[in-house]
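The next block holds one structure in the form of structure tokens; read it before the comments.
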Amino acid sequence: MALRNTRVVEFAGLAPAPFAGLVLADWGADVVRIDRPSTTHLDILCRHKRSIVVDVKHPEGLQVLRRLIARADVLIDPFRAGVMERVGLGPELFLGNDGLNKKLVYARLAGFAHTAECYPSVSFLSTKYYILKSCPQMLPGDETKPGFPLNLVADFGGGGLTCALGILLALIERQSSGLGQVVSTNMVSGTRYLSTFPLLSAMQWPYKTHSPLQSFAASPDAGSNFPNVRMKHLLDGGAPFYNVYTCADGRWMSVGCLEPQFYKQFLERFVAALPSGFVEAAEGSELSSVNQYDTDRWPRLKDLFEKAFKLYDRNHWAKVFEGSDACAFPVLSAAEAAVLASNEHAAPTPHPQLSRTPARPLPAYRPEEGVLSPGQHTVEVLMDLGLDADKIVGLAERGALGAGEKTKL
């Protein structure tokens, strides 16, 4: 496995930080999650990880964490700016001139930049609204407003996955310098970087024009009172051949045939599947791939496609386009996608695939074991750290592992 023998300390957090830790764990890293005493954690991004409960506010608990981090390769900090410094675990302690672990990759993951002077009092959760303000105007939805893309864009794309990338870059660089460094990831900047193509497209097609053939609406000036023109462009739901359609059974078919040769195949199979005279009655003429980019026809074509897909159920349409280059595919449920991937585990398999050093195999899926109990591996981790049974019992009795925590040996 690519990250075998890589030690990671992950402080328990929400969504993006656990996902960054999951990526590292999937590829062989030994990830230890630090949980607070008397906490219940419902994080499901926990496979291949271990959990230890330590009270960072207890002097001996703090020393345990310093010792654990001093031997780690990576630390994942999910907190707002200043939290780790206040508890005595800031990066200077490990990476400074007299640092305890100068090889440490200290990864900080937050909603906005740790050094940002604007929005200093914005909470982590409410920051999510701000995170998405950099690109939501281009997201599909309807003509009045964009849709909300779950938390895939900010939490997992601009946050967790970007953080994991930064960690890997720092580990690669460490091979030549022998030194660790701070990896700062914030979801605002990460989301904007992830959105480079649509944001540049919005700013650079010839500027201030609103051609439907551009991928997204041109961006108005900052402070402008004029809203973007939505759902009228190539990739934002305006093109009838790049959209999702509802079928007779309420399920959906996705259509994405941008290239003329694929659009031609789509039309051939699409028209052949419809009742005789249906197209002519709705459109007034036969459909042709020649006028694919005649934007004046797009509203009528979109209306035709919507009516036509509702004639049959999704599986019928899937068979119509099966084996073709029409770029028309059924939208699958999570269970259907797992079956298609021959994945009995239900969870998505790690990706990409490495031929010589693949990821860890997924454990057998058991819903009742889908979360990692806080402190499940406290004794095991402390023994790995070199503490004997008597010392561990003493730590527990003195409250360093949390008041009331039961430590079994």
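Residue numbering restarts at 1 in every chain; chains get A, B, ... in the order shown in the structure tokens, and ligands count up from 1 in that same order.
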Any idea what's packed within 9 Å of Trp317 of chain A, counting only C-alpha atoms, ignoring anything in its chain fewer than 5 positions away? Could you give it as a PDB file with C-alpha atoms, in the first residue's frame?
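Once written, selection07.pdb looks like this:
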```
ATOM      1  CA  CYS A 247     -39.195   9.337 -17.116  1.00  0.00           C
ATOM      2  CA  MET A 253     -32.136   9.704 -17.653  1.00  0.00           C
ATOM      3  CA  PHE A 270     -34.290   8.557 -29.546  1.00  0.00           C
ATOM      4  CA  ALA A 273     -38.032   4.678 -29.932  1.00  0.00           C
ATOM      5  CA  PHE A 309     -38.882  10.838 -21.911  1.00  0.00           C
ATOM      6  CA  TYR A 312     -41.589   5.341 -21.027  1.00  0.00           C
ATOM      7  CA  GLU A 322     -27.477   0.647 -24.318  1.00  0.00           C
ATOM      8  CA  ALA A 328     -27.456   8.895 -22.491  1.00  0.00           C
ATOM      9  CA  PHE A 329     -27.440   6.933 -19.243  1.00  0.00           C
ATOM     10  CA  PRO A 330     -29.849   6.075 -16.434  1.00  0.00           C
TER      11      PRO A 330
END
```
Rounded to one decimal place, report the atom CA of Ala110 of chain A-atom CA of Thr185 of chain A distance in Å. 6.6 Å
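Residues lying within 12 Å of Gly386 of chain A, counting only C-alpha atoms and ignoring same-chain neighbours fewer than 6 positions away, are Val64, Arg67, Leu68, Arg71, Val379, Glu380 and Ile392 of chain A.
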Measuring atom to atom with only C-alpha atoms, identify which of A:Val244, A:Leu382, A:Leu372, A:Pro275 is nearest to Lys49 of chain A.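 That would be A:Leu372, the residue with the smallest distance to Lys49 of chain A.
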Could you tell me how far atom CA of Leu104 of chain A sits from atom CA of Pro59 of chain A, in Å to one decimal place?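 Atom-to-atom, atom CA of Pro59 of chain A and atom CA of Leu104 of chain A are spaced 22.4 Å apart.
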Which neighbours of Ala239 of chain A fall inside 12 Å, counting only C-alpha atoms, when residues of the same chain fewer than 2 positions from it are skipped, and could you give them as a VMD selection string? chain A and resid 140 212 to 216 230 to 237 241 to 244 255 to 258 263 292 to 303 305
Create the file for the chosen residues now, containing C-alpha atoms and written as a PDB file, in the first residue's frame.
```
ATOM      1  CA  PRO A 140     -27.905  24.056 -12.249  1.00  0.00           C
ATOM      2  CA  PRO A 212     -25.596  30.755 -25.156  1.00  0.00           C
ATOM      3  CA  LEU A 213     -22.679  28.805 -26.607  1.00  0.00           C
ATOM      4  CA  GLN A 214     -20.408  29.698 -23.724  1.00  0.00           C
ATOM      5  CA  SER A 215     -20.338  27.114 -20.965  1.00  0.00           C
ATOM      6  CA  PHE A 216     -21.768  29.376 -18.261  1.00  0.00           C
ATOM      7  CA  ARG A 230     -29.221  31.389 -15.842  1.00  0.00           C
ATOM      8  CA  MET A 231     -30.117  28.095 -17.526  1.00  0.00           C
ATOM      9  CA  LYS A 232     -29.456  29.506 -21.002  1.00  0.00           C
ATOM     10  CA  HIS A 233     -25.981  28.154 -21.695  1.00  0.00           C
ATOM     11  CA  LEU A 234     -24.180  25.025 -22.762  1.00  0.00           C
ATOM     12  CA  LEU A 235     -23.357  23.447 -19.375  1.00  0.00           C
ATOM     13  CA  ASP A 236     -25.801  25.087 -16.961  1.00  0.00           C
ATOM     14  CA  GLY A 237     -28.945  23.282 -18.092  1.00  0.00           C
ATOM     15  CA  PHE A 241     -28.638  17.703 -25.083  1.00  0.00           C
ATOM     16  CA  TYR A 242     -26.875  18.336 -21.739  1.00  0.00           C
ATOM     17  CA  ASN A 243     -29.540  17.784 -19.125  1.00  0.00           C
ATOM     18  CA  VAL A 244     -31.447  15.312 -16.949  1.00  0.00           C
ATOM     19  CA  VAL A 255     -28.127  13.184 -21.529  1.00  0.00           C
ATOM     20  CA  GLY A 256     -24.688  14.638 -22.257  1.00  0.00           C
ATOM     21  CA  CYS A 257     -24.003  14.394 -25.987  1.00  0.00           C
ATOM     22  CA  LEU A 258     -22.126  17.649 -26.632  1.00  0.00           C
ATOM     23  CA  TYR A 263     -25.692  13.814 -30.655  1.00  0.00           C
ATOM     24  CA  GLN A 292     -27.639  21.043 -32.773  1.00  0.00           C
ATOM     25  CA  TYR A 293     -26.213  24.456 -31.861  1.00  0.00           C
ATOM     26  CA  ASP A 294     -29.078  26.536 -33.208  1.00  0.00           C
ATOM     27  CA  THR A 295     -29.845  28.066 -29.820  1.00  0.00           C
ATOM     28  CA  ASP A 296     -33.171  29.495 -30.981  1.00  0.00           C
ATOM     29  CA  ARG A 297     -34.430  25.917 -31.198  1.00  0.00           C
ATOM     30  CA  TRP A 298     -33.200  24.874 -27.750  1.00  0.00           C
ATOM     31  CA  PRO A 299     -36.355  25.778 -25.776  1.00  0.00           C
ATOM     32  CA  ARG A 300     -38.576  23.802 -28.177  1.00  0.00           C
ATOM     33  CA  LEU A 301     -36.182  20.849 -28.202  1.00  0.00           C
ATOM     34  CA  LYS A 302     -35.998  20.801 -24.436  1.00  0.00           C
ATOM     35  CA  ASP A 303     -39.787  20.769 -24.224  1.00  0.00           C
ATOM     36  CA  PHE A 305     -37.309  15.882 -24.842  1.00  0.00           C
TER      37      PHE A 305
END
```
Tell me which protein, DNA and RNA residues are within 9 Å of Gly250 of chain A, counting only C-alpha atoms, leaving out same-chain ones fewer than 2 positions away, and put them as a list in words.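 Near neighbours after the sequence-gap exclusion: Thr246, Cys247, Ala248, Trp252, Lys310, Asp313 and Arg314 of chain A.
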